[in-house]
>>> print(open('data03.cif').read())   # mmCIF, C-alpha atoms
data_upload
loop_
_atom_site.label_atom_id
_atom_site.label_comp_id
_atom_site.auth_asym_id
_atom_site.auth_seq_id
_atom_site.Cartn_x
_atom_site.Cartn_y
_atom_site.Cartn_z
CA ALA G 21 5.17 -4.44 21.63
CA ALA G 22 5.23 -0.65 21.28
CA ARG G 23 7.14 -0.87 18.00
CA ALA G 24 4.68 -3.43 16.61
CA LEU G 25 1.70 -1.23 17.54
CA ARG G 26 2.94 2.13 16.24
CA SER G 27 1.27 1.75 12.81
CA PHE G 28 -1.95 0.28 14.25
CA ASP G 29 -2.49 2.06 17.56
CA PRO G 30 -0.06 4.96 18.17
CA GLY G 31 -1.74 5.88 21.45
CA GLU G 32 -1.16 2.45 22.97
CA ALA G 33 2.31 2.32 21.44
CA LEU G 34 3.11 5.63 23.17
CA ARG G 35 1.86 4.28 26.52
CA LEU G 36 3.99 1.14 26.21
CA ALA G 37 7.06 3.10 25.13
CA GLU G 38 6.68 5.37 28.17
CA LEU G 39 6.54 2.29 30.41
CA ALA G 40 9.65 0.85 28.75
CA VAL G 41 11.63 4.06 29.24
CA ALA G 42 10.45 4.39 32.85
CA ALA G 43 11.68 0.84 33.50
CA ASP G 44 15.08 1.46 31.88
CA PRO G 45 15.75 5.18 31.11
CA GLY G 46 19.07 4.51 29.41
CA GLN G 47 17.77 1.86 26.98
CA ALA G 48 18.50 3.48 23.62
CA GLU G 49 15.92 1.65 21.48
CA ALA G 50 13.07 2.49 23.87
CA VAL G 51 14.16 6.13 24.20
CA HIS G 52 14.37 6.60 20.42
CA LEU G 53 10.97 4.99 19.87
CA LEU G 54 9.36 7.15 22.54
CA ALA G 55 10.96 10.27 21.02
CA GLU G 56 9.60 9.32 17.59
CA LEU G 57 6.07 8.73 18.92
CA LEU G 58 6.09 12.02 20.85
CA THR G 59 7.36 13.85 17.75
CA ALA G 60 4.48 12.49 15.68
CA ARG G 61 2.12 14.10 18.19
CA GLY G 62 3.92 17.46 18.15
CA ARG G 63 5.15 17.17 21.75
CA MET G 64 8.67 18.40 21.05
CA ALA G 65 9.41 19.80 24.51
CA GLU G 66 9.00 16.29 25.91
CA VAL G 67 11.16 14.84 23.12
CA GLU G 68 14.17 16.87 24.23
CA ALA G 69 13.69 15.74 27.84
CA VAL G 70 13.45 12.09 26.75
CA LEU G 71 16.60 12.24 24.59
CA ALA G 72 18.50 13.86 27.46
CA GLN G 73 18.16 10.56 29.34
CA LEU G 74 20.54 8.86 26.91
CA PRO G 75 24.18 8.51 28.04
CA PRO G 76 26.62 10.76 26.14
CA GLY G 77 28.02 7.82 24.20
CA GLU G 78 24.60 7.19 22.63
CA ARG G 79 24.36 10.76 21.33
CA GLN G 80 27.05 10.53 18.68
CA GLY G 81 27.96 8.52 15.60
CA PRO G 82 25.93 7.49 12.52
CA GLY G 83 23.17 5.86 14.57
CA TRP G 84 22.52 9.05 16.50
CA ALA G 85 22.70 11.13 13.32
CA ALA G 86 20.13 8.87 11.65
CA ARG G 87 17.74 9.23 14.56
CA LEU G 88 18.22 12.98 14.68
CA LEU G 89 17.52 13.32 10.95
CA ILE G 90 14.31 11.29 11.28
CA LEU G 91 13.06 13.28 14.27
CA ARG G 92 13.72 16.64 12.61
CA ALA G 93 11.95 15.53 9.44
CA LEU G 94 8.97 14.20 11.39
CA VAL G 95 8.42 17.59 13.03
CA GLY G 96 8.74 19.38 9.67
CA ASP G 97 12.21 20.83 10.26
CA PHE G 98 13.43 19.77 6.82
CA SER G 99 16.28 22.28 6.75
CA GLY G 100 17.49 20.88 10.07
CA ALA G 101 17.21 17.33 8.72
CA LEU G 102 19.35 18.30 5.72
CA GLU G 103 21.98 19.82 8.00
CA VAL G 104 22.33 16.41 9.63
CA TRP G 105 22.49 14.75 6.19
CA ARG G 106 25.22 17.13 4.97
CA ASP G 107 27.24 16.92 8.20
CA ASN G 108 27.20 13.10 8.21
CA PRO G 109 28.21 11.76 4.77
CA ALA G 110 28.22 8.21 6.18
CA LEU G 111 24.40 8.39 6.21
CA HIS G 112 24.33 8.59 2.41
CA ASP G 113 25.37 4.93 2.12
CA VAL G 114 23.39 3.56 5.07
CA PRO G 115 20.87 0.97 3.74
CA ASP G 116 18.16 2.21 6.09
CA PRO G 117 14.87 2.77 4.20
CA GLU G 118 13.47 5.13 6.86
CA VAL G 119 16.55 7.38 6.78
CA LEU G 120 16.47 7.47 2.97
CA TYR G 121 12.71 8.09 2.94
CA GLN G 122 13.04 11.10 5.25
CA ALA G 123 16.13 12.39 3.43
CA SER G 124 14.31 12.16 0.08
CA PHE G 125 11.30 14.04 1.38
CA ALA G 126 13.46 16.69 3.08
CA HIS G 127 15.36 17.37 -0.14
CA SER G 128 12.14 17.66 -2.16
CA ALA G 129 10.46 19.90 0.40
CA THR G 130 13.40 22.34 0.49
CA GLY G 131 13.71 22.84 -3.26
CA ASN G 132 16.00 20.02 -4.40
CA ALA G 133 13.43 17.58 -5.76
CA LYS G 134 15.91 16.06 -8.23
CA ALA G 135 18.03 14.87 -5.31
CA GLY G 136 14.88 13.69 -3.55
CA LEU G 137 13.95 11.67 -6.64
CA GLU G 138 17.42 10.09 -6.86
CA ILE G 139 17.45 9.10 -3.18
CA ALA G 140 13.97 7.56 -3.33
CA ALA G 141 14.80 5.64 -6.53
CA ARG G 142 18.00 4.28 -4.97
CA ALA G 143 16.18 3.28 -1.79
CA LEU G 144 13.55 1.35 -3.77
CA GLU G 145 16.37 -0.91 -5.01
CA LEU G 146 17.25 -2.04 -1.46
CA PRO G 147 16.69 -5.78 -0.92
CA ALA G 148 14.01 -7.29 1.35
CA LEU G 149 11.87 -4.14 1.72
CA THR G 150 8.57 -4.66 3.55
CA LEU G 151 5.27 -3.63 1.98
CA GLU G 152 5.14 -0.60 4.30
CA GLN G 153 8.69 0.46 3.41
CA ARG G 154 8.01 0.14 -0.33
CA ALA G 155 4.79 2.12 0.07
CA LYS G 156 6.58 4.95 1.87
CA LEU G 157 9.40 5.08 -0.69
CA TYR G 158 6.96 5.19 -3.61
CA SER G 159 5.25 8.02 -1.74
CA ALA G 160 8.60 9.84 -1.36
CA ARG G 161 9.27 9.45 -5.08
CA ALA G 162 5.76 10.72 -5.81
CA GLY G 163 6.50 13.76 -3.63
CA ALA G 164 9.63 14.50 -5.66
CA TYR G 165 7.63 14.30 -8.91
CA TYR G 166 5.03 16.60 -7.32
CA TYR G 167 7.63 19.27 -6.53
CA LEU G 168 8.99 18.91 -10.08
CA SER G 169 5.45 19.69 -11.32
CA GLU G 170 5.21 16.23 -12.95
CA TYR G 171 1.72 15.61 -11.56
CA PRO G 172 0.57 12.59 -13.65
CA GLN G 173 3.74 10.67 -12.69
CA ALA G 174 3.31 11.76 -9.07
CA ASP G 175 -0.24 10.43 -9.01
CA ALA G 176 0.84 7.11 -10.58
CA ASP G 177 3.41 6.63 -7.79
CA TYR G 178 0.90 7.66 -5.11
CA ALA G 179 -1.57 5.11 -6.49
CA GLU G 180 1.07 2.36 -6.28
CA ALA G 181 2.06 3.49 -2.78
CA LEU G 182 -1.57 3.37 -1.66
CA ARG G 183 -2.02 -0.13 -3.14
CA LEU G 184 1.01 -1.39 -1.21
CA ALA G 185 -0.08 0.35 2.00
CA ARG G 186 -3.54 -1.21 1.82
CA GLU G 187 -2.02 -4.62 1.13
CA SER G 188 0.12 -4.21 4.26
CA GLY G 189 -3.03 -3.73 6.35
CA LEU G 190 -1.45 -0.84 8.25
CA PRO G 191 -3.76 2.20 8.73
CA LYS G 192 -1.03 4.78 9.35
CA PRO G 193 0.67 4.70 5.91
CA VAL G 194 -2.75 4.52 4.23
CA ALA G 195 -3.75 7.76 5.98
CA HIS G 196 -0.43 9.50 5.18
CA ILE G 197 -0.41 8.55 1.51
CA SER G 198 -4.10 9.43 1.04
CA PHE G 199 -3.37 12.83 2.54
CA ASN G 200 -0.34 13.53 0.33
CA ARG G 201 -2.08 12.25 -2.81
CA ALA G 202 -4.92 14.74 -2.29
CA TYR G 203 -2.62 17.64 -3.23
CA THR G 204 -1.83 16.07 -6.60
CA LEU G 205 -5.45 15.14 -7.30
CA GLY G 206 -6.44 18.76 -6.70
CA LEU G 207 -3.85 20.06 -9.15
CA LEU G 208 -5.05 17.52 -11.72
CA GLY G 209 -8.60 18.88 -11.32
CA ARG G 210 -9.94 15.58 -9.94
CA TYR G 211 -11.84 17.20 -7.08
CA ALA G 212 -14.24 14.35 -6.23
CA GLU G 213 -11.27 11.99 -5.82
CA MET G 214 -9.42 14.66 -3.84
CA ARG G 215 -12.31 14.95 -1.41
CA SER G 216 -12.56 11.17 -1.05
CA SER G 217 -8.82 10.93 -0.43
CA LEU G 218 -8.97 13.64 2.23
CA GLU G 219 -11.94 12.03 3.96
CA GLU G 220 -10.04 8.74 4.14
CA ALA G 221 -7.02 10.54 5.61
CA ILE G 222 -9.10 12.42 8.19
CA ARG G 223 -10.83 9.22 9.33
CA GLY G 224 -7.48 7.49 9.65
CA TYR G 225 -5.82 10.32 11.57
CA SER G 226 -8.79 10.64 13.90
CA GLU G 227 -8.71 6.91 14.70
CA LEU G 228 -4.92 6.94 15.12
CA GLY G 229 -4.91 10.05 17.33
CA GLU G 230 -2.59 11.87 14.90
CA VAL G 231 -3.70 15.37 15.91
CA LYS G 232 -1.21 17.35 13.85
CA ARG G 233 -1.91 15.45 10.63
CA TYR G 234 -5.64 15.57 11.30
CA ALA G 235 -5.38 19.35 11.60
CA HIS G 236 -3.45 19.63 8.33
CA ALA G 237 -5.96 17.44 6.50
CA LYS G 238 -8.69 19.82 7.67
CA VAL G 239 -6.77 22.63 5.94
CA LEU G 240 -6.95 20.78 2.64
CA VAL G 241 -10.67 20.19 3.13
CA ALA G 242 -11.05 23.93 3.72
CA GLN G 243 -9.18 24.66 0.49
CA LEU G 244 -11.68 22.45 -1.31
CA TYR G 245 -14.56 24.36 0.30
CA ILE G 246 -12.99 27.64 -0.81
CA GLY G 247 -12.87 26.36 -4.37
CA PHE G 248 -16.64 25.91 -4.26
CA ALA G 249 -17.20 29.27 -2.47
CA GLU G 250 -18.36 27.51 0.73
CA TYR G 251 -16.60 30.13 2.82
CA GLU G 252 -18.31 29.59 6.18
CA ARG G 253 -17.54 25.86 6.12
CA ALA G 254 -13.94 26.65 5.15
CA GLU G 255 -13.58 29.10 8.04
CA GLU G 256 -14.95 26.57 10.52
CA ALA G 257 -12.48 23.89 9.39
CA LEU G 258 -9.52 26.32 9.37
CA LEU G 259 -10.19 27.75 12.82
CA GLU G 260 -10.46 24.22 14.25
CA SER G 261 -7.16 23.35 12.60
CA ARG G 262 -5.44 26.55 13.79
CA ASP G 263 -6.59 26.01 17.37
CA LEU G 264 -4.95 22.56 17.37
CA LEU G 265 -1.75 23.61 15.59
CA LEU G 266 -1.07 26.63 17.82
CA ARG G 267 -0.72 24.21 20.74
CA MET G 268 2.31 22.65 19.02
CA ASP G 269 5.67 23.87 17.77
CA PRO G 270 5.77 25.94 14.53
CA SER G 271 5.23 23.68 11.54
CA GLU G 272 4.55 23.53 7.83
CA SER G 273 0.98 22.59 8.72
CA LEU G 274 0.56 25.91 10.55
CA VAL G 275 2.02 27.76 7.53
CA ASP G 276 -0.61 26.17 5.29
CA CYS G 277 -3.39 26.95 7.77
CA GLU G 278 -2.50 30.62 8.23
CA LYS G 279 -1.92 31.06 4.48
CA THR G 280 -5.31 29.55 3.69
CA LEU G 281 -7.06 31.73 6.27
CA SER G 282 -5.56 34.82 4.65
CA ARG G 283 -6.63 33.66 1.21
CA LEU G 284 -10.12 32.84 2.51
CA TYR G 285 -10.70 36.37 3.81
CA TRP G 286 -9.19 37.90 0.67
CA LEU G 287 -11.65 35.96 -1.50
CA TRP G 288 -14.66 36.12 0.82
CA ARG G 289 -14.42 39.83 1.72
CA PRO G 290 -16.45 39.71 4.97
CA PRO G 291 -16.56 42.64 7.47
CA TYR G 292 -13.05 43.20 8.85
CA GLY G 293 -11.81 40.92 6.07
CA LYS G 294 -8.89 43.20 5.21
CA VAL G 295 -7.63 43.16 8.77
CA LEU G 296 -8.02 39.37 9.05
CA ALA G 297 -6.35 38.72 5.69
CA LEU G 298 -3.35 40.83 6.67
CA LYS G 299 -3.17 39.32 10.17
CA HIS G 300 -3.02 35.75 8.90
CA ALA G 301 -0.70 36.63 6.02
CA TYR G 302 1.95 37.97 8.39
CA ALA G 303 1.35 35.09 10.80
CA THR G 304 2.21 32.82 7.84
CA LEU G 305 5.42 34.76 7.18
CA GLU G 306 6.44 34.64 10.83
CA VAL G 307 6.11 30.84 11.02
CA ALA G 308 7.73 30.36 7.59
CA ARG G 309 10.84 32.31 8.60
CA LYS G 310 11.18 30.18 11.74
CA LEU G 311 11.13 27.03 9.61
CA ARG G 312 13.96 28.31 7.36
CA SER G 313 12.31 26.85 4.27
CA PRO G 314 12.24 28.80 0.96
CA ARG G 315 9.09 26.95 -0.13
CA ASN G 316 7.27 27.94 3.04
CA LEU G 317 8.56 31.48 2.67
CA ILE G 318 6.81 31.71 -0.71
CA ASN G 319 3.61 30.52 0.97
CA GLY G 320 3.93 33.46 3.35
CA LEU G 321 4.93 36.09 0.80
CA LEU G 322 2.03 35.50 -1.60
CA PRO G 323 -0.90 36.07 0.79
CA ALA G 324 0.95 39.01 2.34
CA ALA G 325 1.33 40.57 -1.13
CA HIS G 326 -2.38 40.25 -1.89
CA ALA G 327 -3.38 41.47 1.58
CA GLU G 328 -1.14 44.56 1.37
CA THR G 329 -2.56 45.45 -2.06
CA TRP G 330 -6.10 45.00 -0.76
CA GLN G 331 -5.28 47.21 2.24
CA GLY G 332 -4.31 50.02 -0.13
CA CYS G 333 -0.54 49.46 -0.05
CA PRO G 334 0.19 48.09 -3.56
CA GLU G 335 3.83 49.25 -3.41
CA ARG G 336 4.45 46.88 -0.51
CA GLY G 337 2.34 44.23 -2.25
CA LEU G 338 4.50 44.44 -5.36
CA GLU G 339 7.69 44.20 -3.32
CA LEU G 340 6.49 41.03 -1.57
CA ALA G 341 5.24 39.49 -4.83
CA ARG G 342 8.60 40.13 -6.53
CA GLU G 343 10.40 38.41 -3.66
CA ALA G 344 8.02 35.44 -4.01
CA LEU G 345 8.68 35.28 -7.77
CA GLU G 346 12.44 35.33 -7.23
CA GLN G 347 12.22 32.48 -4.70
CA ALA G 348 9.86 30.46 -6.91
CA GLU G 349 12.13 30.79 -9.96
CA GLN G 350 15.17 29.74 -7.92
CA LEU G 351 13.30 26.63 -6.71
CA GLY G 352 11.89 25.87 -10.15
CA GLN G 353 8.32 25.69 -8.79
CA ALA G 354 6.11 26.34 -11.81
CA TRP G 355 2.85 26.86 -9.93
CA SER G 356 4.43 29.24 -7.45
CA VAL G 357 5.77 31.29 -10.38
CA VAL G 358 2.20 31.52 -11.72
CA PHE G 359 0.78 32.62 -8.38
CA ALA G 360 3.60 35.16 -7.88
CA LYS G 361 2.85 36.74 -11.27
CA VAL G 362 -0.84 36.99 -10.34
CA ALA G 363 0.13 38.73 -7.08
CA MET G 364 2.39 41.13 -8.99
CA ALA G 365 -0.39 41.87 -11.49
CA ASP G 366 -2.80 42.52 -8.63
CA ALA G 367 -0.36 45.04 -7.14
CA LEU G 368 0.37 46.72 -10.49
CA GLU G 369 -3.35 47.14 -11.06
CA GLY G 370 -3.56 48.84 -7.68
CA LEU G 371 -0.70 51.13 -8.71
CA GLY G 372 -2.59 52.27 -11.79
CA ARG G 373 -0.40 50.34 -14.25
CA PRO G 374 -3.05 48.24 -16.05
CA GLU G 375 -1.00 47.41 -19.18
CA GLU G 376 1.79 45.82 -17.12
CA ALA G 377 -0.80 44.03 -14.98
CA LEU G 378 -2.58 42.63 -18.04
CA ARG G 379 0.71 41.35 -19.48
CA LEU G 380 1.45 39.44 -16.28
CA TYR G 381 -2.08 38.06 -16.04
CA ARG G 382 -1.70 36.74 -19.60
CA GLU G 383 1.69 35.19 -18.79
CA ALA G 384 0.21 33.49 -15.73
CA GLU G 385 -2.78 32.23 -17.68
CA ALA G 386 -0.56 30.82 -20.45
CA ALA G 387 1.71 29.06 -17.93
CA ALA G 388 -1.23 27.60 -16.00
#
>>> encode(input="data03.cif", output="C-alpha cells")
Amino acid sequence: AARALRSFDPGEALRLAELAVAADPGQAEAVHLLAELLTARGRMAEVEAVLAQLPPGERQGPGWAARLLILRALVGDFSGALEVWRDNPALHDVPDPEVLYQASFAHSATGNAKAGLEIAARALELPALTLEQRAKLYSARAGAYYYLSEYPQADADYAEALRLARESGLPKPVAHISFNRAYTLGLLGRYAEMRSSLEEAIRGYSELGEVKRYAHAKVLVAQLYIGFAEYERAEEALLESRDLLLRMDPSESLVDCEKTLSRLYWLWRPPYGKVLALKHAYATLEVARKLRSPRNLINGLLPAAHAETWQGCPERGLELAREALEQAEQLGQAWSVVFAKVAMADALEGLGRPEEALRLYREAEAAA
C-alpha cells in the first residue's frame, strides 16, 4: 500500500512504511521504501538509523548497491552516487529503470552529460516500461541535453516527459518534470511559460508535502522576480526557502538558494548589501565544497568573485573568477564560461584595467 501511494500521497505512504518497518524491522523491501521516502523529505539522519536495522547480509551485493546509489542521488549526493556506480560494474547492465535514471542524472549533474545521455537513451529501450518510468527517463535525457547546452532538444524531451507524466495521472512526476523544465524555459527566454511551469511545480510539491523540492522551486521563482527587478518579492521567497533548507542536510538546493541571495544583494544594492552578498556567496562555497560537485563549486565561485570585487577586493575577485572559468571550461558548460568571463571583467574593471575588461565583456556577449 505504501509503495502504491508514494506518487499520490507521500505523507500517507511514509506513515504506512513506518508501520510496516515497525511490524517487521528486518523486512528489506519495507526498510528500503521507508529510507527512500525519508530521503525525499531530507531526513537523512533517520535514513541511516532505518538502514542499520537491516541484517548484514542485506547490506551487500548488487541489490544493496542499487539502493545505495538511488538514495545518494535522491539527496543530491551525485558524486557519492557515481562512486557506487564505478565500484559496482554489475549495475551497468542491470535492467532497472530507476537505477539507470538516477545514474544518468548523476553523470549529467557532475559534468559528464554525454554519459548521462547514453545511459538515458539505453534505458528508454528497455521493454515494458510504465508511463511513469518513460516520463522519468525522457526527463533524464532532457537533463543531459540541458547540461550540453542543447536547450531546444532539452525542452522537446521535457515536453514529452510531461505529456507521459500527465497521462499516467501521477502528481509527483508531473511536479518534478515541471520544475526541471522551468530551467530550460528560462534559458530559452520563454518567461511566461517558465513562471507557469514553476507555479505548477510549487502547487504539486505543496500538496505532496515535498518540502525540499518546494523550497528549491521557490528559488527559481525568486530568480524570475530578480529578472524583473522585483527584489523585495525575491528576498521574501529566498528567505523562506533558506529557512526550510537549513533544517536539512547540505544540498544542491541550498547552493542555489545561497547563490541567488548573493546575486540578489549584488544587483539590488540595499543597505548592508555588500556584507550580505559576501556572506551568502561564501555560504554557497561552503555547501558546494561539502557536496564535492564541480558544477556546484562554480555556482559558489561566481557570486563570491562578484562580492569580493564589490567589497573593494578585485584581486581576490579575479582569482575566484579565474578558478570558475577553469572549472567551467573543463566541464564544457557554455553558460558558466560566459558568467565566469563577466565576473573576470568585473574584477579587471575594479583593478583599473578597462581594456582587458572590455575585451572579456565582448567575448561574453558574443558567446551569449
>>> closest_residue(input="data03.cif", among="G:Val275, G:Ile246, G:Leu218, G:Leu89", to="Leu317 (chain G)", atoms="all atoms listed in the file")
G:Val275
>>> closest_residue(input="data03.cif", among="G:Asn200, G:Ala195, G:Glu376, G:Val241", to="Ala212 (chain G)", atoms="only C-alpha atoms")
G:Val241
>>> resolve_selection(input="data03.cif", expression="the PyMOL selection byres ((chain G and resi 300-309) around 7)", output="PDB file with C-alpha atoms, keeping the file's coordinate frame")
ATOM      1  CA  PRO G 270       5.770  25.940  14.530  1.00  0.00           C
ATOM      2  CA  VAL G 275       2.020  27.760   7.530  1.00  0.00           C
ATOM      3  CA  GLU G 278      -2.500  30.620   8.230  1.00  0.00           C
ATOM      4  CA  LYS G 279      -1.920  31.060   4.480  1.00  0.00           C
ATOM      5  CA  LEU G 281      -7.060  31.730   6.270  1.00  0.00           C
ATOM      6  CA  SER G 282      -5.560  34.820   4.650  1.00  0.00           C
ATOM      7  CA  LEU G 296      -8.020  39.370   9.050  1.00  0.00           C
ATOM      8  CA  ALA G 297      -6.350  38.720   5.690  1.00  0.00           C
ATOM      9  CA  LEU G 298      -3.350  40.830   6.670  1.00  0.00           C
ATOM     10  CA  LYS G 299      -3.170  39.320  10.170  1.00  0.00           C
ATOM     11  CA  LYS G 310      11.180  30.180  11.740  1.00  0.00           C
ATOM     12  CA  LEU G 311      11.130  27.030   9.610  1.00  0.00           C
ATOM     13  CA  ARG G 312      13.960  28.310   7.360  1.00  0.00           C
ATOM     14  CA  SER G 313      12.310  26.850   4.270  1.00  0.00           C
ATOM     15  CA  ASN G 316       7.270  27.940   3.040  1.00  0.00           C
ATOM     16  CA  LEU G 317       8.560  31.480   2.670  1.00  0.00           C
ATOM     17  CA  GLY G 320       3.930  33.460   3.350  1.00  0.00           C
ATOM     18  CA  LEU G 321       4.930  36.090   0.800  1.00  0.00           C
ATOM     19  CA  PRO G 323      -0.900  36.070   0.790  1.00  0.00           C
ATOM     20  CA  ALA G 324       0.950  39.010   2.340  1.00  0.00           C
TER      21      ALA G 324
END
>>> resolve_selection(input="data03.cif", expression="the PyMOL selection byres ((chain G and resi 342) around 10)", output="VMD selection string")
chain G and resid 321 to 322 325 336 to 341 343 to 348 360 to 361 363 to 364
>>> axis_aligned_box(input="data03.cif", around="region 249-256 of chain G", padding_each_side="6 Å", output="JSON")
{"center_x": -16.0, "center_y": 28.0, "center_z": 4.0, "size_x": 16.8, "size_y": 16.3, "size_z": 25.0}
>>> atom_distance(input="data03.cif", atom1="CA of Arg63 (chain G)", atom2="CA of Leu264 (chain G)")
12.3 Å
>>> closest_atom_pairs(input="data03.cif", of="region 220-298 of chain G", to="region 202-206 of chain G", cutoff="10 Å", atoms="only C-alpha atoms", output="Markdown table")
| residue | atom | partner | partner_atom | distance |
| --- | --- | --- | --- | --- |
| G:Ala221 | CA | G:Ala202 | CA | 9.2 |
| G:Ala237 | CA | G:Ala202 | CA | 9.3 |
| G:Leu240 | CA | G:Tyr203 | CA | 7.9 |
| G:Val241 | CA | G:Ala202 | CA | 9.6 |
| G:Gln243 | CA | G:Gly206 | CA | 9.7 |
| G:Leu244 | CA | G:Gly206 | CA | 8.4 |
>>> residues_around(input="data03.cif", residues="Ala235 (chain G)", least_positions_apart="6", cutoff="9 Å", atoms="only C-alpha atoms", output="PyMOL selection string")
chain G and resi 222+257-258+260-265+273-274+277
>>> residues_around(input="data03.cif", residues="region 69-83 of chain G", least_positions_apart="4", cutoff="12 Å", atoms="all atoms listed in the file", output="ChimeraX atom specification")
/G:37-38,41-42,44-59,63-65,87-91,104-105,107-114,116,119
>>> atom_distance(input="data03.cif", atom1="CA of Arg283 (chain G)", atom2="CA of Ala365 (chain G)")
16.4 Å
>>> atom_distance(input="data03.cif", atom1="CA of Cys333 (chain G)", atom2="CA of Val362 (chain G)")
16.2 Å
>>> closest_residue(input="data03.cif", among="G:Asp276, G:Gln153, G:Ser271, G:Ala133", to="Ala93 (chain G)", atoms="all atoms listed in the file")
G:Ser271
>>> closest_residue(input="data03.cif", among="G:Arg161, G:Arg315, G:Arg23, G:Lys192", to="Leu228 (chain G)", atoms="all atoms listed in the file")
G:Lys192
>>> decode(input="data03.cif", residues="region 193-209 of chain G", atoms="N, CA, C and O atoms", output="PDB file, in the first residue's frame")
ATOM      1  N   PRO G 193       5.622  12.865 -10.526  1.00  0.00           N
ATOM      2  CA  PRO G 193       6.465  13.137 -11.695  1.00  0.00           C
ATOM      3  C   PRO G 193       6.064  14.398 -12.449  1.00  0.00           C
ATOM      4  O   PRO G 193       6.929  15.073 -13.024  1.00  0.00           O
ATOM      5  N   VAL G 194       4.780  14.743 -12.438  1.00  0.00           N
ATOM      6  CA  VAL G 194       4.358  15.987 -13.092  1.00  0.00           C
ATOM      7  C   VAL G 194       5.037  17.177 -12.426  1.00  0.00           C
ATOM      8  O   VAL G 194       5.569  18.076 -13.096  1.00  0.00           O
ATOM      9  N   ALA G 195       5.056  17.183 -11.085  1.00  0.00           N
ATOM     10  CA  ALA G 195       5.699  18.283 -10.346  1.00  0.00           C
ATOM     11  C   ALA G 195       7.198  18.322 -10.628  1.00  0.00           C
ATOM     12  O   ALA G 195       7.766  19.389 -10.897  1.00  0.00           O
ATOM     13  N   HIS G 196       7.861  17.162 -10.586  1.00  0.00           N
ATOM     14  CA  HIS G 196       9.318  17.112 -10.802  1.00  0.00           C
ATOM     15  C   HIS G 196       9.691  17.610 -12.199  1.00  0.00           C
ATOM     16  O   HIS G 196      10.621  18.406 -12.361  1.00  0.00           O
ATOM     17  N   ILE G 197       8.972  17.130 -13.198  1.00  0.00           N
ATOM     18  CA  ILE G 197       9.323  17.480 -14.578  1.00  0.00           C
ATOM     19  C   ILE G 197       9.006  18.947 -14.856  1.00  0.00           C
ATOM     20  O   ILE G 197       9.778  19.647 -15.536  1.00  0.00           O
ATOM     21  N   SER G 198       7.902  19.448 -14.313  1.00  0.00           N
ATOM     22  CA  SER G 198       7.575  20.873 -14.471  1.00  0.00           C
ATOM     23  C   SER G 198       8.664  21.743 -13.867  1.00  0.00           C
ATOM     24  O   SER G 198       9.058  22.770 -14.440  1.00  0.00           O
ATOM     25  N   PHE G 199       9.167  21.319 -12.713  1.00  0.00           N
ATOM     26  CA  PHE G 199      10.236  22.050 -12.040  1.00  0.00           C
ATOM     27  C   PHE G 199      11.510  22.070 -12.884  1.00  0.00           C
ATOM     28  O   PHE G 199      12.102  23.125 -13.139  1.00  0.00           O
ATOM     29  N   ASN G 200      11.934  20.899 -13.365  1.00  0.00           N
ATOM     30  CA  ASN G 200      13.172  20.823 -14.141  1.00  0.00           C
ATOM     31  C   ASN G 200      13.037  21.558 -15.474  1.00  0.00           C
ATOM     32  O   ASN G 200      13.992  22.197 -15.943  1.00  0.00           O
ATOM     33  N   ARG G 201      11.864  21.482 -16.090  1.00  0.00           N
ATOM     34  CA  ARG G 201      11.672  22.140 -17.383  1.00  0.00           C
ATOM     35  C   ARG G 201      11.790  23.661 -17.260  1.00  0.00           C
ATOM     36  O   ARG G 201      12.193  24.340 -18.209  1.00  0.00           O
ATOM     37  N   ALA G 202      11.439  24.192 -16.087  1.00  0.00           N
ATOM     38  CA  ALA G 202      11.459  25.645 -15.904  1.00  0.00           C
ATOM     39  C   ALA G 202      12.844  26.233 -16.168  1.00  0.00           C
ATOM     40  O   ALA G 202      12.963  27.332 -16.716  1.00  0.00           O
ATOM     41  N   TYR G 203      13.905  25.511 -15.802  1.00  0.00           N
ATOM     42  CA  TYR G 203      15.264  25.997 -16.055  1.00  0.00           C
ATOM     43  C   TYR G 203      15.480  26.233 -17.552  1.00  0.00           C
ATOM     44  O   TYR G 203      16.007  27.264 -17.978  1.00  0.00           O
ATOM     45  N   THR G 204      15.086  25.235 -18.354  1.00  0.00           N
ATOM     46  CA  THR G 204      15.288  25.327 -19.799  1.00  0.00           C
ATOM     47  C   THR G 204      14.440  26.437 -20.405  1.00  0.00           C
ATOM     48  O   THR G 204      14.906  27.196 -21.266  1.00  0.00           O
ATOM     49  N   LEU G 205      13.197  26.554 -19.961  1.00  0.00           N
ATOM     50  CA  LEU G 205      12.323  27.602 -20.480  1.00  0.00           C
ATOM     51  C   LEU G 205      12.917  28.986 -20.211  1.00  0.00           C
ATOM     52  O   LEU G 205      12.833  29.884 -21.052  1.00  0.00           O
ATOM     53  N   GLY G 206      13.521  29.139 -19.033  1.00  0.00           N
ATOM     54  CA  GLY G 206      14.151  30.421 -18.713  1.00  0.00           C
ATOM     55  C   GLY G 206      15.301  30.742 -19.645  1.00  0.00           C
ATOM     56  O   GLY G 206      15.437  31.872 -20.126  1.00  0.00           O
ATOM     57  N   LEU G 207      16.130  29.740 -19.930  1.00  0.00           N
ATOM     58  CA  LEU G 207      17.272  29.962 -20.817  1.00  0.00           C
ATOM     59  C   LEU G 207      16.836  30.196 -22.262  1.00  0.00           C
ATOM     60  O   LEU G 207      17.556  30.819 -23.041  1.00  0.00           O
ATOM     61  N   LEU G 208      15.652  29.713 -22.611  1.00  0.00           N
ATOM     62  CA  LEU G 208      15.116  29.954 -23.951  1.00  0.00           C
ATOM     63  C   LEU G 208      14.366  31.276 -24.032  1.00  0.00           C
ATOM     64  O   LEU G 208      13.838  31.635 -25.088  1.00  0.00           O
ATOM     65  N   GLY G 209      14.306  32.004 -22.899  1.00  0.00           N
ATOM     66  CA  GLY G 209      13.644  33.306 -22.885  1.00  0.00           C
ATOM     67  C   GLY G 209      12.126  33.229 -22.868  1.00  0.00           C
ATOM     68  O   GLY G 209      11.454  34.239 -23.107  1.00  0.00           O
TER      69      GLY G 209
END
